[in-house]
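Below is one structure, written out as structure tokens; the observations come after it.
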Amino acid sequence: MLTSLEAPDPLPARMVNEFVYCPRLFWLEHVEREFEESYDTVDGERVHRRVDQPRGTIPDDIAQMRSEASSVELASEHLGVVAKIDLVRADGGQAVPIDFKRGRAPAIPGGAYDPERVQVCIQALLLRENGYRCDLARIYYAASKTYVDIPIDEALVTQTLNAISGARVAAVAGTPPAPLIDSPKCARCSLNSICLPDETNALRRRNGETRVRAFAAPSDDRIPMYVMEPGARVGLSGERLEVRTDAGVQADARLDDITHLSLFGNVQVSSQAARALLSRDEPIFYLSYGGWLSGYARSINDHSLDLRVEQHLLARDKERSLAIAREIVFGKVKNQRTMMRRALGAKAKPALRAMAFLMHRVQHAVSADELLGFEGAAAQRYFEAFGEMLSIGTGFEVTGRNRRPPTDPVNAMLSFGYSMLAKEAVAAALAVGFEPGLGFYHRPRPGRPSLALDLMEEFRPLVVDSTVLTLVNSREIRPNHFDRRGRAIVLTTDGRRAFIAALERRLRASISHPIFGYQVTYRRALHVQARLLARAIQGDLPQYPPFTTR
Ligand code: SF4
């Protein structure tokens, strides 16, 4: 938990509303500064448009108030809260705060749910602190066009003061509040794909029941934009990105459909396009022609500061780092073994036995060096067998893994694919709020996205190796997709295009999640793993659960 010499910021009344609705939602929004647009948030903005501009004032003597005041901001040091009141009207000698809500008035005793009642009570208390009589607040429900009166009685004031102090405690607790259990609130919650309520509860229970409800994943249909044409320029045209060369527009895509921009080699991006992406929290990646990640631009929207503090603390803790590294390497070796079993079956029995033994050793590794040794031994077994997974007669052969530089086409594809996956993992790490350069298995080194390398380990065989096998065995990739440069074999521009198209198909392939049972793409699964890693670091989960397939 971050500490500061400054006094804590006053709590917005809106956040106390969130705390009463769900303490974890409050923590995600107020502490982690997470936000995800949904139909409800957009519609809420629409409903507030009428009252979100400051207009009118409240005279000291409320009896003199002739019209209403809108968007009135009040704060109290004593209560430690701040509120923007949609409307204040004079009524019977008192000031009445009116809060606009987008939905219909609920048919329940009291006419409103607790979060809204507490929110307007804070507004009433702030008006009282400013010298006005205020025994009544109102909520206007836009969908049913109805006003509901909320009397500010002693019971509601006590409930409100308790909610404020509860929220204060939760804000500095250092660990996220537990998710709600089987709550219908989660289905409507804009942060469910960040919170992972059912996933977290299932992993906490550990009673074997891990099937969870499948909430809509907001980012599944969006994909990165890759630009690799030398001299191309990426610009903004309305709400679209356009890729131009001297021959005219080569490609375009809606900003809403893009998760990030990947620029290979000498490709320019305009300031307008860069700002449009960054304002949406979408990063821009700069890569060499060969796919080596040389840097990225990200927005200044620095959410999840507490997570990064915990990440730094954990990276200094050898035991806890090793515990996470063991899970990561176990997941990778298990997935390599699964690939071998699926492709080679009984033919690979001795190698499969050796891999199973190494998985066991990985789980009991007592140091990072030992873990590295087991991982290396498993990789050697796996890549020795990789050539046998290629169909005969494709014109491609491989006898093991080589790199820096890769000296055969299969290794050239593996190296390029791992670079692309590392970039995906950096994007996932940034989306969650991690520092991509500070890993737990891969130790930090200048220029190395160590945490992204950790995150991608389980996905190397499932995404990249599988893409290479598909490209070769389906004969989609051919020997003329490669060039020789000295000792190195590299993909040509057409080869890179073919590879990226196949990699994207793989990342967007829908699979049944091995732990939670719902349908998910590999790209979304990588993001879920990044979230689960964050939750494990923050003490929300007992340990990091690796992503493994059967
Ligand atoms: S998904 Fe559910 S538990 Fe998570 S923040 Fe939203 S309401 Fe709370």
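Residues in the structure tokens are named by chain (A, B, ... in the order shown) and by number from 1 within that chain; ligands are numbered from 1 in the order shown.
When the distance limit is 8 Å and only C-alpha atoms are what count, the residues near Leu263 of chain A, minus those fewer than 2 positions from it on the same chain, are Tyr226, Val227, Met228, Leu261, Gly265, Asn266, Val267, Gln268, Ile284, Phe285, Tyr286 and Leu287 of chain A.
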With N, CA, C and O atoms retained, write the just-selected residues as a compact mmCIF listing (two decimals), in the first residue's frame.
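Printed below is selection_7.txt as written:
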# COMPACT_ATOMS: atom_id res chain seq x y z
N TYR A 226 -0.95 -3.89 -37.31
CA TYR A 226 0.47 -4.09 -37.64
C TYR A 226 0.79 -3.27 -38.89
O TYR A 226 0.06 -3.38 -39.88
N VAL A 227 1.85 -2.48 -38.85
CA VAL A 227 2.26 -1.73 -40.05
C VAL A 227 3.73 -2.03 -40.31
O VAL A 227 4.58 -1.72 -39.46
N MET A 228 4.02 -2.65 -41.47
CA MET A 228 5.41 -3.03 -41.73
C MET A 228 5.90 -2.58 -43.11
O MET A 228 6.98 -2.95 -43.53
N LEU A 261 -1.00 -0.47 -31.47
CA LEU A 261 -0.41 -0.27 -32.80
C LEU A 261 1.01 -0.82 -32.77
O LEU A 261 1.79 -0.50 -31.87
N GLY A 265 10.08 -1.16 -38.15
CA GLY A 265 11.07 -0.42 -38.93
C GLY A 265 10.66 1.03 -39.15
O GLY A 265 10.07 1.67 -38.28
N ASN A 266 10.96 1.53 -40.36
CA ASN A 266 10.76 2.96 -40.65
C ASN A 266 9.32 3.27 -41.01
O ASN A 266 9.00 3.51 -42.17
N VAL A 267 8.46 3.24 -40.02
CA VAL A 267 7.06 3.62 -40.20
C VAL A 267 6.81 4.81 -39.29
O VAL A 267 7.27 4.84 -38.15
N GLN A 268 6.12 5.83 -39.81
CA GLN A 268 5.86 7.03 -39.01
C GLN A 268 4.43 6.99 -38.48
O GLN A 268 3.55 6.41 -39.11
N ILE A 284 1.53 2.10 -28.21
CA ILE A 284 2.14 2.02 -29.55
C ILE A 284 3.48 1.31 -29.38
O ILE A 284 4.30 1.72 -28.55
N PHE A 285 3.70 0.23 -30.14
CA PHE A 285 4.94 -0.53 -30.02
C PHE A 285 5.83 -0.25 -31.22
O PHE A 285 5.36 -0.25 -32.37
N TYR A 286 7.11 -0.01 -30.94
CA TYR A 286 8.10 0.22 -32.00
C TYR A 286 8.99 -1.02 -32.07
O TYR A 286 9.62 -1.41 -31.07
N LEU A 287 9.00 -1.65 -33.25
CA LEU A 287 9.77 -2.88 -33.42
C LEU A 287 10.73 -2.71 -34.59
O LEU A 287 10.49 -1.90 -35.50
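Counting only C-alpha atoms, Leu414 of chain A has the following residues at most 7 Å away, ignoring those fewer than 3 positions along the same chain: Val410, Asn411, Gly417, Tyr418, Val464, Asp465 and Val468 of chain A.
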Mind listing the residues within 12 Å of ligand 1, only C-alpha atoms and all ligand atoms counted, as a ChimeraX atom specification?
/A:18-30,32,34-36,176-201,213-216
Output N, CA and C atoms of each residue in that selection to a file, as a CSV table (one decimal), in the first residue's frame.
chain,number,residue,atom,x,y,z
A,18,GLU,N,-20.2,3.4,-4.4
A,18,GLU,CA,-19.6,2.1,-4.9
A,18,GLU,C,-19.3,1.2,-3.8
A,19,PHE,N,-18.8,1.8,-2.7
A,19,PHE,CA,-18.4,0.9,-1.6
A,19,PHE,C,-19.6,0.2,-1.0
A,20,VAL,N,-20.7,0.9,-0.9
A,20,VAL,CA,-21.9,0.3,-0.4
A,20,VAL,C,-22.4,-0.8,-1.3
A,21,TYR,N,-22.3,-0.5,-2.6
A,21,TYR,CA,-22.7,-1.5,-3.7
A,21,TYR,C,-21.8,-2.7,-3.6
A,22,CYS,N,-20.5,-2.5,-3.6
A,22,CYS,CA,-19.6,-3.6,-3.5
A,22,CYS,C,-18.2,-3.0,-3.1
A,23,PRO,N,-17.7,-3.4,-2.0
A,23,PRO,CA,-16.4,-2.9,-1.5
A,23,PRO,C,-15.3,-3.1,-2.5
A,24,ARG,N,-15.3,-4.2,-3.2
A,24,ARG,CA,-14.3,-4.5,-4.2
A,24,ARG,C,-14.3,-3.5,-5.4
A,25,LEU,N,-15.5,-3.2,-5.8
A,25,LEU,CA,-15.7,-2.2,-6.9
A,25,LEU,C,-15.1,-0.9,-6.5
A,26,PHE,N,-15.4,-0.5,-5.2
A,26,PHE,CA,-14.8,0.7,-4.7
A,26,PHE,C,-13.3,0.7,-4.7
A,27,TRP,N,-12.7,-0.4,-4.3
A,27,TRP,CA,-11.3,-0.6,-4.3
A,27,TRP,C,-10.7,-0.5,-5.7
A,28,LEU,N,-11.3,-1.2,-6.7
A,28,LEU,CA,-10.8,-1.2,-8.0
A,28,LEU,C,-10.9,0.3,-8.6
A,29,GLU,N,-12.0,1.0,-8.3
A,29,GLU,CA,-12.1,2.3,-8.9
A,29,GLU,C,-11.3,3.3,-8.2
A,30,HIS,N,-11.4,3.3,-6.9
A,30,HIS,CA,-10.8,4.4,-6.1
A,30,HIS,C,-9.3,4.2,-5.8
A,32,GLU,N,-7.2,1.4,-7.2
A,32,GLU,CA,-6.5,1.0,-8.5
A,32,GLU,C,-6.8,1.9,-9.6
A,34,GLU,N,-9.1,1.9,-11.8
A,34,GLU,CA,-9.5,1.2,-13.0
A,34,GLU,C,-10.9,1.7,-13.5
A,35,PHE,N,-11.0,1.8,-14.8
A,35,PHE,CA,-12.3,2.2,-15.4
A,35,PHE,C,-12.5,1.4,-16.7
A,36,GLU,N,-13.7,1.0,-16.9
A,36,GLU,CA,-14.0,0.3,-18.1
A,36,GLU,C,-15.4,0.9,-18.6
A,176,PRO,N,-7.1,-6.3,-1.8
A,176,PRO,CA,-8.5,-6.0,-2.3
A,176,PRO,C,-9.5,-6.7,-1.5
A,177,PRO,N,-10.7,-6.1,-1.2
A,177,PRO,CA,-11.8,-6.8,-0.6
A,177,PRO,C,-12.2,-8.0,-1.4
A,178,ALA,N,-12.7,-9.0,-0.7
A,178,ALA,CA,-13.1,-10.2,-1.5
A,178,ALA,C,-14.3,-9.9,-2.5
A,179,PRO,N,-14.3,-10.6,-3.6
A,179,PRO,CA,-15.4,-10.4,-4.5
A,179,PRO,C,-16.7,-10.9,-3.9
A,180,LEU,N,-17.8,-10.4,-4.5
A,180,LEU,CA,-19.1,-10.8,-4.1
A,180,LEU,C,-19.3,-12.3,-4.5
A,181,ILE,N,-20.1,-13.0,-3.9
A,181,ILE,CA,-20.3,-14.5,-4.2
A,181,ILE,C,-21.6,-14.7,-5.0
A,182,ASP,N,-21.5,-15.2,-6.2
A,182,ASP,CA,-22.7,-15.5,-7.0
A,182,ASP,C,-23.7,-14.3,-7.0
A,183,SER,N,-23.2,-13.1,-7.1
A,183,SER,CA,-24.1,-11.9,-7.0
A,183,SER,C,-24.6,-11.5,-8.4
A,184,PRO,N,-25.9,-11.2,-8.5
A,184,PRO,CA,-26.3,-10.7,-9.8
A,184,PRO,C,-25.7,-9.4,-10.2
A,185,LYS,N,-25.2,-8.7,-9.1
A,185,LYS,CA,-24.6,-7.4,-9.4
A,185,LYS,C,-23.4,-7.5,-10.4
A,186,CYS,N,-22.7,-8.7,-10.3
A,186,CYS,CA,-21.4,-8.8,-11.1
A,186,CYS,C,-21.7,-8.9,-12.6
A,187,ALA,N,-22.9,-9.4,-12.9
A,187,ALA,CA,-23.2,-9.5,-14.3
A,187,ALA,C,-23.4,-8.1,-15.0
A,188,ARG,N,-23.8,-7.1,-14.2
A,188,ARG,CA,-24.0,-5.8,-14.7
A,188,ARG,C,-22.7,-4.9,-14.4
A,189,CYS,N,-21.8,-5.4,-13.7
A,189,CYS,CA,-20.7,-4.6,-13.3
A,189,CYS,C,-19.7,-4.3,-14.4
A,190,SER,N,-19.4,-3.1,-14.7
A,190,SER,CA,-18.5,-2.7,-15.8
A,190,SER,C,-17.1,-3.3,-15.6
A,191,LEU,N,-16.7,-3.6,-14.4
A,191,LEU,CA,-15.4,-4.0,-14.1
A,191,LEU,C,-15.3,-5.5,-13.9
A,192,ASN,N,-16.3,-6.3,-14.3
A,192,ASN,CA,-16.2,-7.7,-14.0
A,192,ASN,C,-15.0,-8.4,-14.7
A,193,SER,N,-14.6,-7.9,-15.9
A,193,SER,CA,-13.5,-8.6,-16.6
A,193,SER,C,-12.2,-8.2,-16.0
A,194,ILE,N,-12.2,-7.2,-15.1
A,194,ILE,CA,-11.0,-6.8,-14.4
A,194,ILE,C,-11.0,-7.4,-13.0
A,195,CYS,N,-12.1,-7.4,-12.4
A,195,CYS,CA,-12.3,-8.0,-11.1
A,195,CYS,C,-12.2,-9.5,-11.0
A,196,LEU,N,-12.7,-10.2,-12.1
A,196,LEU,CA,-12.7,-11.7,-12.1
A,196,LEU,C,-13.3,-12.3,-10.8
A,197,PRO,N,-14.6,-11.9,-10.5
A,197,PRO,CA,-15.2,-12.3,-9.2
A,197,PRO,C,-15.3,-13.8,-9.1
A,198,ASP,N,-15.9,-14.5,-10.1
A,198,ASP,CA,-16.1,-15.9,-10.0
A,198,ASP,C,-14.8,-16.7,-10.0
A,199,GLU,N,-13.9,-16.2,-10.9
A,199,GLU,CA,-12.6,-16.9,-11.0
A,199,GLU,C,-11.9,-16.8,-9.7
A,200,THR,N,-11.9,-15.6,-9.1
A,200,THR,CA,-11.2,-15.4,-7.8
A,200,THR,C,-11.8,-16.3,-6.7
A,201,ASN,N,-13.1,-16.3,-6.7
A,201,ASN,CA,-13.8,-17.1,-5.6
A,201,ASN,C,-13.5,-18.6,-5.9
A,213,ARG,N,-19.3,-18.4,-14.2
A,213,ARG,CA,-20.2,-17.8,-15.2
A,213,ARG,C,-19.3,-17.0,-16.2
A,214,ALA,N,-19.7,-17.0,-17.4
A,214,ALA,CA,-18.9,-16.4,-18.5
A,214,ALA,C,-19.4,-15.0,-18.7
A,215,PHE,N,-18.7,-14.0,-18.1
A,215,PHE,CA,-19.1,-12.6,-18.4
A,215,PHE,C,-18.6,-12.2,-19.7
A,216,ALA,N,-19.2,-11.1,-20.3
A,216,ALA,CA,-18.7,-10.7,-21.6
A,216,ALA,C,-17.3,-10.1,-21.4
So that I can see what lies close to segment 449-463 of chain A, please list as a PyMOL selection string the residues with an atom at most 6 Å from it, counting only C-alpha atoms and leaving out residues fewer than 5 positions away in the same chain.
chain A and resi 331-332+336+422+425-426+436-439+442+444
Separation of atom CA of Pro12 of chain A and atom CA of Gly111 of chain A, in Å?
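If I compute the distance from atom CA of Pro12 of chain A to atom CA of Gly111 of chain A, I get 23.1 Å.
Rounded to one decimal, atom CA of Ala142 of chain A and atom CA of Arg102 of chain A lie 5.0 Å from each other.
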Taking 4 positions as the minimum chain separation for residues in the same chain, which residues sit within 10 Å of Gly393 of chain A when counting only C-alpha atoms? Answer as an MDAnalysis selection string.
chainID A and resid 397 473 475
Give me the residues near segment 154-162 of chain A as a PyMOL selection string, where near means some atom within 8 Å (using only C-alpha atoms) and where sequence neighbours in that chain fewer than 6 positions away do not count.
chain A and resi 117-119+121-122
If you run DSSP on this backbone, which residues of segment 178-396 of chain A come out as helix (DSSP H, G or I), and could you give them as a PyMOL selection string?
chain A and resi 184-188+192-195+197-205+255-257+271-279+305-315+318-363+368-389
Write out, as a tab-separated table (two decimals), in the first residue's frame, the residues just selected, with C-alpha atoms.
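Produced file again.tsv, reproduced below:
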chain	number	residue	atom	x	y	z
A	184	PRO	CA	-26.33	-10.72	-9.84
A	185	LYS	CA	-24.55	-7.38	-9.39
A	186	CYS	CA	-21.44	-8.83	-11.06
A	187	ALA	CA	-23.25	-9.50	-14.34
A	188	ARG	CA	-23.96	-5.76	-14.68
A	192	ASN	CA	-16.19	-7.73	-14.04
A	193	SER	CA	-13.49	-8.57	-16.60
A	194	ILE	CA	-10.95	-6.77	-14.40
A	195	CYS	CA	-12.30	-8.00	-11.06
A	197	PRO	CA	-15.16	-12.30	-9.25
A	198	ASP	CA	-16.11	-15.91	-9.96
A	199	GLU	CA	-12.60	-16.86	-11.04
A	200	THR	CA	-11.15	-15.44	-7.82
A	201	ASN	CA	-13.79	-17.10	-5.65
A	202	ALA	CA	-13.30	-20.43	-7.42
A	203	LEU	CA	-9.53	-20.33	-6.95
A	204	ARG	CA	-9.91	-19.29	-3.31
A	205	ARG	CA	-12.32	-22.14	-2.58
A	255	LEU	CA	-9.96	3.22	-33.37
A	256	ASP	CA	-12.60	1.25	-31.46
A	257	ASP	CA	-11.40	-1.97	-33.11
A	271	SER	CA	0.97	13.12	-33.33
A	272	GLN	CA	-2.80	13.16	-33.82
A	273	ALA	CA	-2.94	9.38	-34.28
A	274	ALA	CA	-0.60	8.79	-31.34
A	275	ARG	CA	-2.66	11.06	-29.06
A	276	ALA	CA	-5.90	9.36	-30.12
A	277	LEU	CA	-4.49	5.95	-29.21
A	278	LEU	CA	-2.90	7.06	-25.95
A	279	SER	CA	-6.07	8.85	-24.84
A	305	LEU	CA	0.22	2.23	-8.54
A	306	ASP	CA	-0.24	-0.02	-5.50
A	307	LEU	CA	0.17	-3.08	-7.71
A	308	ARG	CA	3.54	-1.81	-8.95
A	309	VAL	CA	4.67	-1.19	-5.37
A	310	GLU	CA	3.74	-4.79	-4.50
A	311	GLN	CA	5.49	-5.99	-7.67
A	312	HIS	CA	8.72	-4.25	-6.66
A	313	LEU	CA	8.52	-5.64	-3.12
A	314	LEU	CA	7.88	-9.17	-4.37
A	315	ALA	CA	10.70	-8.99	-6.92
A	318	LYS	CA	13.55	-14.46	-3.43
A	319	GLU	CA	11.25	-17.05	-1.86
A	320	ARG	CA	8.00	-15.53	-3.08
A	321	SER	CA	9.49	-14.83	-6.53
A	322	LEU	CA	10.61	-18.45	-6.74
A	323	ALA	CA	7.13	-19.68	-5.78
A	324	ILE	CA	5.62	-17.76	-8.71
A	325	ALA	CA	8.45	-18.77	-11.06
A	326	ARG	CA	7.85	-22.47	-10.23
A	327	GLU	CA	4.19	-22.17	-11.27
A	328	ILE	CA	5.11	-20.35	-14.49
A	329	VAL	CA	7.74	-22.90	-15.52
A	330	PHE	CA	5.50	-25.80	-14.51
A	331	GLY	CA	2.81	-24.40	-16.82
A	332	LYS	CA	5.24	-24.03	-19.69
A	333	VAL	CA	6.72	-27.53	-19.39
A	334	LYS	CA	3.27	-29.09	-19.01
A	335	ASN	CA	2.06	-27.33	-22.15
A	336	GLN	CA	5.18	-28.41	-24.06
A	337	ARG	CA	4.52	-31.98	-22.97
A	338	THR	CA	0.88	-31.70	-24.04
A	339	MET	CA	1.98	-30.52	-27.50
A	340	MET	CA	4.32	-33.52	-27.78
A	341	ARG	CA	1.66	-35.96	-26.61
A	342	ARG	CA	-0.92	-34.61	-29.04
A	343	ALA	CA	1.44	-34.58	-32.03
A	344	LEU	CA	3.50	-37.72	-31.41
A	345	GLY	CA	1.46	-39.92	-29.07
A	346	ALA	CA	3.05	-43.24	-28.09
A	347	LYS	CA	6.06	-42.55	-30.35
A	348	ALA	CA	7.30	-40.05	-27.78
A	349	LYS	CA	6.78	-42.21	-24.68
A	350	PRO	CA	10.34	-41.94	-23.29
A	351	ALA	CA	10.44	-38.17	-23.89
A	352	LEU	CA	6.97	-37.75	-22.33
A	353	ARG	CA	8.11	-39.69	-19.26
A	354	ALA	CA	11.19	-37.48	-19.00
A	355	MET	CA	9.04	-34.35	-19.28
A	356	ALA	CA	6.67	-35.60	-16.55
A	357	PHE	CA	9.67	-36.19	-14.30
A	358	LEU	CA	10.95	-32.67	-15.01
A	359	MET	CA	7.52	-31.20	-14.21
A	360	HIS	CA	7.78	-32.86	-10.81
A	361	ARG	CA	11.31	-31.51	-10.30
A	362	VAL	CA	10.18	-28.01	-11.31
A	363	GLN	CA	7.54	-28.04	-8.56
A	368	ALA	CA	16.12	-19.99	-9.39
A	369	ASP	CA	19.26	-21.63	-10.83
A	370	GLU	CA	17.84	-25.10	-10.24
A	371	LEU	CA	14.57	-24.07	-11.86
A	372	LEU	CA	16.46	-22.69	-14.85
A	373	GLY	CA	18.26	-26.02	-15.18
A	374	PHE	CA	15.01	-28.04	-15.18
A	375	GLU	CA	13.42	-25.68	-17.66
A	376	GLY	CA	16.47	-25.95	-19.94
A	377	ALA	CA	16.43	-29.76	-19.75
A	378	ALA	CA	12.72	-29.82	-20.63
A	379	ALA	CA	13.26	-27.38	-23.52
A	380	GLN	CA	16.04	-29.57	-24.90
A	381	ARG	CA	13.80	-32.67	-24.84
A	382	TYR	CA	10.94	-30.75	-26.39
A	383	PHE	CA	12.87	-29.11	-29.22
A	384	GLU	CA	14.69	-32.35	-30.02
A	385	ALA	CA	11.24	-33.78	-30.74
A	386	PHE	CA	9.92	-30.65	-32.47
A	387	GLY	CA	11.20	-31.71	-35.90
A	388	GLU	CA	9.16	-34.93	-35.63
A	389	MET	CA	6.01	-32.84	-35.18
Excluding segment 495-498 of chain A and any residue of its chain fewer than 3 positions from it, enumerate the residues within 12 Å of it, using only C-alpha atoms, and give them as a short mmCIF file (atom, residue, chain, number, x, y, z; two decimals) with N, CA and C atoms, in the first residue's frame.
data_model
loop_
_atom_site.label_atom_id
_atom_site.label_comp_id
_atom_site.auth_asym_id
_atom_site.auth_seq_id
_atom_site.Cartn_x
_atom_site.Cartn_y
_atom_site.Cartn_z
N TYR A 226 -0.95 -3.89 -37.31
CA TYR A 226 0.47 -4.09 -37.64
C TYR A 226 0.79 -3.27 -38.89
N VAL A 227 1.85 -2.48 -38.85
CA VAL A 227 2.26 -1.73 -40.05
C VAL A 227 3.73 -2.03 -40.31
N MET A 228 4.02 -2.65 -41.47
CA MET A 228 5.41 -3.03 -41.73
C MET A 228 5.90 -2.58 -43.11
N GLU A 229 5.11 -1.78 -43.80
CA GLU A 229 5.51 -1.29 -45.12
C GLU A 229 6.55 -0.18 -44.93
N PHE A 264 6.70 -1.57 -37.49
CA PHE A 264 7.95 -2.29 -37.80
C PHE A 264 8.85 -1.39 -38.63
N TYR A 289 12.52 -4.23 -38.09
CA TYR A 289 11.90 -4.99 -39.18
C TYR A 289 11.80 -6.47 -38.82
N GLY A 290 12.79 -6.94 -38.06
CA GLY A 290 12.80 -8.36 -37.69
C GLY A 290 11.89 -8.69 -36.52
N GLY A 291 11.21 -7.67 -35.95
CA GLY A 291 10.25 -7.94 -34.88
C GLY A 291 10.81 -7.73 -33.48
N PRO A 409 14.78 -22.00 -41.09
CA PRO A 409 13.47 -21.32 -41.16
C PRO A 409 12.57 -21.57 -39.95
N VAL A 410 12.57 -22.81 -39.43
CA VAL A 410 11.68 -23.09 -38.30
C VAL A 410 12.10 -22.25 -37.09
N ALA A 412 13.73 -19.47 -37.25
CA ALA A 412 13.45 -18.06 -37.57
C ALA A 412 12.00 -17.73 -37.21
N MET A 413 11.08 -18.65 -37.52
CA MET A 413 9.67 -18.42 -37.19
C MET A 413 9.45 -18.42 -35.68
N LEU A 414 10.12 -19.37 -34.99
CA LEU A 414 9.96 -19.43 -33.53
C LEU A 414 10.43 -18.12 -32.90
N SER A 415 11.60 -17.63 -33.34
CA SER A 415 12.13 -16.39 -32.75
C SER A 415 11.21 -15.21 -33.03
N PHE A 416 10.74 -15.11 -34.28
CA PHE A 416 9.85 -14.00 -34.62
C PHE A 416 8.54 -14.12 -33.81
N GLY A 417 8.02 -15.32 -33.72
CA GLY A 417 6.77 -15.54 -32.98
C GLY A 417 6.91 -15.19 -31.51
N SER A 419 8.92 -13.03 -30.26
CA SER A 419 8.98 -11.56 -30.16
C SER A 419 7.58 -10.97 -30.20
N MET A 420 6.74 -11.51 -31.11
CA MET A 420 5.36 -11.01 -31.20
C MET A 420 4.58 -11.32 -29.92
N THR A 467 1.45 -22.26 -33.90
CA THR A 467 1.33 -21.50 -35.15
C THR A 467 2.38 -21.98 -36.16
N VAL A 468 3.61 -22.20 -35.69
CA VAL A 468 4.68 -22.67 -36.58
C VAL A 468 4.30 -24.03 -37.18
N THR A 470 1.34 -25.33 -37.57
CA THR A 470 0.22 -25.18 -38.51
C THR A 470 0.71 -24.63 -39.84
N LEU A 471 1.54 -23.59 -39.79
CA LEU A 471 2.02 -22.97 -41.03
C LEU A 471 2.81 -23.96 -41.88
N VAL A 472 3.67 -24.75 -41.22
CA VAL A 472 4.50 -25.69 -41.97
C VAL A 472 3.65 -26.86 -42.47
N ARG A 475 1.40 -26.19 -45.21
CA ARG A 475 2.17 -25.67 -46.36
C ARG A 475 1.78 -24.22 -46.69
N GLU A 476 1.30 -23.50 -45.68
CA GLU A 476 1.00 -22.07 -45.89
C GLU A 476 2.28 -21.28 -46.00
N ILE A 477 3.32 -21.75 -45.34
CA ILE A 477 4.61 -21.05 -45.40
C ILE A 477 5.51 -21.89 -46.30
N ARG A 478 6.29 -21.19 -47.13
CA ARG A 478 7.11 -21.91 -48.11
C ARG A 478 8.56 -21.43 -48.00
N PRO A 479 9.48 -22.21 -48.55
CA PRO A 479 10.90 -21.81 -48.44
C PRO A 479 11.16 -20.40 -48.99
N ASN A 480 10.37 -19.94 -49.99
CA ASN A 480 10.64 -18.60 -50.52
C ASN A 480 10.13 -17.48 -49.60
N HIS A 481 9.61 -17.83 -48.43
CA HIS A 481 9.25 -16.82 -47.43
C HIS A 481 10.44 -16.48 -46.53
N PHE A 482 11.64 -17.00 -46.87
CA PHE A 482 12.82 -16.78 -46.02
C PHE A 482 13.98 -16.25 -46.84
N ASP A 483 14.82 -15.46 -46.18
CA ASP A 483 16.07 -14.95 -46.77
C ASP A 483 17.23 -15.38 -45.90
N ILE A 489 18.94 -16.86 -40.80
CA ILE A 489 17.78 -17.04 -41.69
C ILE A 489 16.68 -16.14 -41.14
N VAL A 490 16.09 -15.32 -42.02
CA VAL A 490 15.04 -14.39 -41.57
C VAL A 490 13.82 -14.53 -42.46
N LEU A 491 12.67 -14.15 -41.91
CA LEU A 491 11.43 -14.13 -42.70
C LEU A 491 11.46 -12.92 -43.64
N THR A 492 10.99 -13.08 -44.85
CA THR A 492 10.82 -11.94 -45.75
C THR A 492 9.59 -11.15 -45.29
N ALA A 501 -0.55 -13.25 -39.79
CA ALA A 501 -1.95 -13.63 -40.05
C ALA A 501 -2.28 -14.93 -39.31
N ALA A 502 -1.35 -15.90 -39.36
CA ALA A 502 -1.59 -17.18 -38.68
C ALA A 502 -1.56 -17.01 -37.16
N LEU A 503 -0.64 -16.18 -36.68
CA LEU A 503 -0.55 -15.94 -35.23
C LEU A 503 -1.83 -15.29 -34.72
N GLU A 504 -2.35 -14.32 -35.49
CA GLU A 504 -3.59 -13.66 -35.08
C GLU A 504 -4.75 -14.67 -35.04
N ARG A 505 -4.78 -15.57 -36.04
CA ARG A 505 -5.85 -16.59 -36.03
C ARG A 505 -5.75 -17.41 -34.74
#
